[in-house]
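Visitor: Provided herewith is a single structure, encoded as structure tokens, for subsequent inquiry.
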Amino acid sequence: MSFPPAPNSAVQDLLAARRHFQQGELALAATAARRAALADPSNREAHGIWGIAAVETGDYAGAIDPLRIAAHHATAGSPRWALFNSQLALALWNIGYWRQGLERLEPVEQLASPDPMVRNRIGIALVGMNLAERGLPHLEFAAAASPKMVDLLCDLGWALMSLGRLGDAEARFDEALALKPEMPRAHLAVAGLRTSTAERNHLDRLAALRASPSVNPADHARLGYAIFKELDDLGRCDEAWPVLEGANAFMAALPPPWSAGDDDDFTKALIKRFPRSAFSVPQPARETGRIPVFIVGLPRTGTTLVERILAAHSQVHAMGELPLFPRLFREAAGAEGPWLSARDVMATRSADWPALGAIYSEESAFLTGGARFAIDKLPFNSLLIGAVKLALPNARIILLRRDPMDTLFSAYRTLFPQEGVCRWSYRLEDLASHYRHHHRLMGHWRTCLREGLIEISYEKLVAEPEAQIRALVAACGLGFEEACLRPHESTGAVLTVSSTQVRSPMTASHVGAWRQYQTGLEPLRARLDALGLLGAD
């Protein structure tokens, strides 16, 4: 296939893309390279710069096509081929196409590339796919090859933290912060690695950094979560609360805004689209030899703890928080963008749920470890329980419940890794509104599934663990194993904000934690009380 000569504008755009890329101006590089590639489709360099710059600026969906083109035309096994495919795998992982991403990674992984950036991208994607032990050597290689690159050190630190190697993780974060102190995520990770004491804490360095005029307002707010964590550890609640309140106020003001009205419309659409009558006729279970287990609930309700309990069983494997089912739901709806709307829910009228379930089983198979039971612990799936049950009739669906004040306070004090996911968690009035919609929807799923929904009370679980764990294991159709009583000893990565908590023995110490801040949280308590949601199942 031949192409006409490239117009002069394409040449100029490519030169601009190169210059911006070399100077680290990645958004400008992506824009210029995109213009050059569209004007001259034969220009593989333009596609490569466009794709890599798009990945590095978070435009993962926009990176797919240019990186496919660049990888296709690169010589197999060459450094550029390895670079393009590792970046493409990272983009595919980020938009929920894990299996396809792994297919791109595996031939690159076998090359043992000496390029630290290629190895780092391989490692990040593998860790993100809950294959942390496989990804860790790549991250270790990258950090050792480029010990002054703070991002590589932090990526290694997060991987080590997910695997429970907390001391090693802290050492890597400290190395990174010594090189570049202005990294609030790294400070927050370090604050979460242990309980601060009067003799050992980081409050002085955090306060000094937060007071620096070089810290932008967003990072100033993000540092607030680390400061709150350490002040809370020290019992200095009167100082901690205004710091947390200020940090959340800033985060709440960032786009996109959260809408209680949209949340209400979405809830109503789900109830209408999946009425109780849809579940009145038992669905035939499709026997595949593997049983999916969905652990769902609001974030911070104990879903990670229950995952660790079940993952300790010899017949169970934890796959992590898969974005797979929501992605398939979006595709069935023809939805555009990462967030579902009420309109998208109603657009699934013609969805073939058994076919969707078959795709789910096929695409998640590589994560099951050959176990008969495979856990998907994505809290967001609580919204899609009805669709899950229609798509996968043999699925075990475990819903976590926790006291609303403890649940919502725990969310309020948490800066989630993906800041756009829990936009309702930054304001007390939004917390109450979202909980109201969640409570209503869970009540609907309860009437639809009846005994098909396994409900677990966090408070009962930590108060009488053996009795509750035995009942949980039996409800899943498993025989009891003593290892389930020691979830803190379970191996495997934990890629959630609970990654350090679940490495310690189970305790009831977090029950009622909100009461230390009851004055500040009184508007939330009063609103929940007015809605009749305090103490409600």
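Please note that chains go A, B, ... in the order of the structure tokens, that every chain numbers its residues from 1, and that ligands are numbered from 1 in the order shown.
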Just list the residues in stretch 192-331 of chain A DSSP gives alpha helix (DSSP H) on the backbone, as a PyMOL selection string.
Guide: chain A and resi 192+203-211+217-233+237-253+260-273+303-311+324-331
Visitor: Which neighbours of A:Phe325 fall inside 12 Å, counting only C-alpha atoms, when residues of the same chain fewer than 3 positions from it are skipped, and could you give them as a PyMOL selection string?
Guide: chain A and resi 96-98+292+294+321-322+328-332+353+356-364+376-389+391-392
Visitor: Take the selection from the previous step and output its residues with N, CA and C atoms, as an mmCIF file, in the first residue's frame.
Guide:
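Below you can see result-v9.cif, which holds the result:
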data_model
loop_
_atom_site.group_PDB
_atom_site.id
_atom_site.type_symbol
_atom_site.label_atom_id
_atom_site.label_comp_id
_atom_site.auth_asym_id
_atom_site.auth_seq_id
_atom_site.Cartn_x
_atom_site.Cartn_y
_atom_site.Cartn_z
ATOM 1 N N GLY A 96 -9.748 -1.796 31.298
ATOM 2 C CA GLY A 96 -10.483 -3.003 31.653
ATOM 3 C C GLY A 96 -10.306 -4.194 30.743
ATOM 4 N N TYR A 97 -9.391 -4.131 29.789
ATOM 5 C CA TYR A 97 -9.157 -5.259 28.890
ATOM 6 C C TYR A 97 -7.904 -6.002 29.367
ATOM 7 N N TRP A 98 -8.048 -6.669 30.497
ATOM 8 C CA TRP A 98 -6.881 -7.289 31.119
ATOM 9 C C TRP A 98 -6.326 -8.437 30.292
ATOM 10 N N PRO A 292 -17.916 -18.354 40.149
ATOM 11 C CA PRO A 292 -17.493 -16.995 40.491
ATOM 12 C C PRO A 292 -18.089 -16.554 41.819
ATOM 13 N N PHE A 294 -18.669 -13.048 43.899
ATOM 14 C CA PHE A 294 -18.621 -11.587 43.876
ATOM 15 C C PHE A 294 -18.780 -11.079 45.303
ATOM 16 N N GLU A 321 -9.837 -6.794 42.112
ATOM 17 C CA GLU A 321 -10.977 -5.950 41.760
ATOM 18 C C GLU A 321 -11.024 -5.805 40.240
ATOM 19 N N LEU A 322 -11.756 -6.701 39.606
ATOM 20 C CA LEU A 322 -11.818 -6.709 38.144
ATOM 21 C C LEU A 322 -12.789 -5.643 37.639
ATOM 22 N N LEU A 328 -18.252 -4.961 30.541
ATOM 23 C CA LEU A 328 -19.177 -5.710 29.695
ATOM 24 C C LEU A 328 -20.579 -5.110 29.754
ATOM 25 N N PHE A 329 -20.981 -4.627 30.931
ATOM 26 C CA PHE A 329 -22.279 -3.967 31.077
ATOM 27 C C PHE A 329 -22.314 -2.697 30.221
ATOM 28 N N ARG A 330 -21.239 -1.913 30.256
ATOM 29 C CA ARG A 330 -21.178 -0.698 29.433
ATOM 30 C C ARG A 330 -21.272 -1.043 27.957
ATOM 31 N N GLU A 331 -20.587 -2.091 27.544
ATOM 32 C CA GLU A 331 -20.626 -2.484 26.141
ATOM 33 C C GLU A 331 -22.025 -2.946 25.746
ATOM 34 N N ALA A 332 -22.700 -3.668 26.639
ATOM 35 C CA ALA A 332 -24.074 -4.102 26.353
ATOM 36 C C ALA A 332 -25.002 -2.910 26.209
ATOM 37 N N TRP A 353 -27.693 -11.737 28.557
ATOM 38 C CA TRP A 353 -26.936 -11.909 29.787
ATOM 39 C C TRP A 353 -26.145 -13.207 29.834
ATOM 40 N N LEU A 356 -23.089 -12.677 27.889
ATOM 41 C CA LEU A 356 -22.176 -11.793 28.607
ATOM 42 C C LEU A 356 -21.453 -12.567 29.716
ATOM 43 N N GLY A 357 -22.192 -13.441 30.400
ATOM 44 C CA GLY A 357 -21.569 -14.265 31.434
ATOM 45 C C GLY A 357 -20.486 -15.180 30.870
ATOM 46 N N ALA A 358 -20.738 -15.708 29.679
ATOM 47 C CA ALA A 358 -19.736 -16.581 29.048
ATOM 48 C C ALA A 358 -18.462 -15.796 28.731
ATOM 49 N N ILE A 359 -18.626 -14.557 28.263
ATOM 50 C CA ILE A 359 -17.457 -13.717 27.977
ATOM 51 C C ILE A 359 -16.704 -13.416 29.268
ATOM 52 N N TYR A 360 -17.463 -13.118 30.332
ATOM 53 C CA TYR A 360 -16.824 -12.854 31.624
ATOM 54 C C TYR A 360 -15.971 -14.044 32.057
ATOM 55 N N SER A 361 -16.540 -15.246 31.954
ATOM 56 C CA SER A 361 -15.817 -16.444 32.370
ATOM 57 C C SER A 361 -14.570 -16.661 31.520
ATOM 58 N N GLU A 362 -14.707 -16.426 30.235
ATOM 59 C CA GLU A 362 -13.575 -16.629 29.328
ATOM 60 C C GLU A 362 -12.460 -15.625 29.598
ATOM 61 N N GLU A 363 -12.821 -14.348 29.773
ATOM 62 C CA GLU A 363 -11.801 -13.315 29.912
ATOM 63 C C GLU A 363 -11.147 -13.300 31.291
ATOM 64 N N SER A 364 -11.812 -13.868 32.284
ATOM 65 C CA SER A 364 -11.228 -13.893 33.629
ATOM 66 C C SER A 364 -10.512 -15.204 33.938
ATOM 67 N N ASP A 376 -14.153 -12.125 42.665
ATOM 68 C CA ASP A 376 -14.093 -10.798 42.050
ATOM 69 C C ASP A 376 -14.557 -9.825 43.132
ATOM 70 N N LYS A 377 -13.647 -8.979 43.613
ATOM 71 C CA LYS A 377 -13.971 -8.109 44.734
ATOM 72 C C LYS A 377 -13.996 -6.640 44.297
ATOM 73 N N LEU A 378 -14.842 -6.317 43.366
ATOM 74 C CA LEU A 378 -15.001 -4.923 42.957
ATOM 75 C C LEU A 378 -16.246 -4.368 43.640
ATOM 76 N N PRO A 379 -16.110 -3.429 44.578
ATOM 77 C CA PRO A 379 -17.291 -2.922 45.277
ATOM 78 C C PRO A 379 -18.371 -2.380 44.349
ATOM 79 N N PHE A 380 -17.977 -1.787 43.231
ATOM 80 C CA PHE A 380 -18.930 -1.201 42.291
ATOM 81 C C PHE A 380 -19.946 -2.223 41.783
ATOM 82 N N ASN A 381 -19.585 -3.494 41.805
ATOM 83 C CA ASN A 381 -20.515 -4.529 41.335
ATOM 84 C C ASN A 381 -21.770 -4.628 42.192
ATOM 85 N N SER A 382 -21.780 -3.998 43.376
ATOM 86 C CA SER A 382 -23.004 -3.988 44.180
ATOM 87 C C SER A 382 -24.144 -3.315 43.428
ATOM 88 N N LEU A 383 -23.810 -2.379 42.545
ATOM 89 C CA LEU A 383 -24.836 -1.722 41.741
ATOM 90 C C LEU A 383 -25.397 -2.650 40.678
ATOM 91 N N LEU A 384 -24.627 -3.632 40.286
ATOM 92 C CA LEU A 384 -24.983 -4.477 39.149
ATOM 93 C C LEU A 384 -25.338 -5.899 39.573
ATOM 94 N N ILE A 385 -25.729 -6.082 40.822
ATOM 95 C CA ILE A 385 -26.017 -7.420 41.330
ATOM 96 C C ILE A 385 -27.049 -8.142 40.468
ATOM 97 N N GLY A 386 -28.092 -7.452 40.059
ATOM 98 C CA GLY A 386 -29.122 -8.093 39.242
ATOM 99 C C GLY A 386 -28.566 -8.624 37.939
ATOM 100 N N ALA A 387 -27.767 -7.807 37.257
ATOM 101 C CA ALA A 387 -27.174 -8.241 35.998
ATOM 102 C C ALA A 387 -26.191 -9.384 36.216
ATOM 103 N N VAL A 388 -25.428 -9.326 37.307
ATOM 104 C CA VAL A 388 -24.491 -10.407 37.623
ATOM 105 C C VAL A 388 -25.234 -11.732 37.757
ATOM 106 N N LYS A 389 -26.352 -11.705 38.474
ATOM 107 C CA LYS A 389 -27.087 -12.949 38.712
ATOM 108 C C LYS A 389 -27.706 -13.499 37.433
ATOM 109 N N ALA A 391 -26.465 -13.008 34.415
ATOM 110 C CA ALA A 391 -25.363 -13.431 33.544
ATOM 111 C C ALA A 391 -24.668 -14.679 34.061
ATOM 112 N N LEU A 392 -24.566 -14.796 35.383
ATOM 113 C CA LEU A 392 -23.818 -15.891 35.997
ATOM 114 C C LEU A 392 -24.674 -16.495 37.113
#
Visitor: Figure out the distance between atom CA of A:Phe416 and atom CA of A:Arg308, please, to one decimal in Å.
Guide: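 Atom CA of A:Phe416 lies at a distance of 20.1 Å from atom CA of A:Arg308.
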Visitor: Hey, can you check how far atom CA of A:Ala169 sits from atom CA of A:Ala240?
Guide: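 Atom CA of A:Ala240 lies at a distance of 25.6 Å from atom CA of A:Ala169.
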Visitor: Could you pull the residues within 7 Å of A:Asp344, counting only C-alpha atoms, minus those fewer than 3 positions along the same chain, as a PyMOL selection string?
Guide: chain A and resi 333+335+340-341+347-348
Visitor: Please list as a PyMOL selection string every residue within 7 Å of stretch 402-409 of chain A, counting only C-alpha atoms and excluding residues in the same chain fewer than 3 positions away.
Guide: chain A and resi 300-301+412-413+431+457-459+511-514+525+534-535
Visitor: Let me make sure I understand: among A:Arg34, A:Arg121, A:Arg436, A:Arg470, which one has the smallest atom-to-atom distance to A:Ala82 if we use only C-alpha atoms?
Guide: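 That would be A:Arg121, the residue with the smallest distance to A:Ala82.
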Visitor: Looking at only C-alpha atoms, which of A:Arg327, A:His439, A:Arg372, A:Arg165 is the one that sits closest to A:Asn94?
Guide: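 Ranked by minimum distance to A:Asn94, first place goes to A:Arg327.
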Visitor: Could you tell me how far atom CA of A:His187 sits from atom CA of A:Ser410, in Å to one decimal place?
Guide: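 That distance, rounded to one decimal, is 19.0 Å.
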Visitor: Please list as number ranges by chain every residue within 9 Å of stretch 140-146 of chain A, counting only C-alpha atoms and excluding residues in the same chain fewer than 5 positions away.
Guide: A: 114-120, 123, 135, 151-156
Visitor: Tell me which protein, DNA and RNA residues are within 12 Å of A:Arg236, counting only C-alpha atoms, leaving out same-chain ones fewer than 6 positions away, and put them as a VMD selection string.
Guide: chain A and resid 196 to 198 203 227 to 230 242 to 243 516 to 517
Visitor: Go through A:Ala70, A:Ala63, A:Met346, A:Cys484 and flag the residue nearest A:Lys272, using only C-alpha atoms for the distances.
Guide: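 Smallest distance to A:Lys272 is found for A:Met346.
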Visitor: Counting only C-alpha atoms, which residue out of A:Trp50, A:Trp81, A:Phe173, A:Tyr60 sits closest to A:Ala27?
Guide: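 Answer, going by the shortest atom-to-atom distance: A:Trp50.
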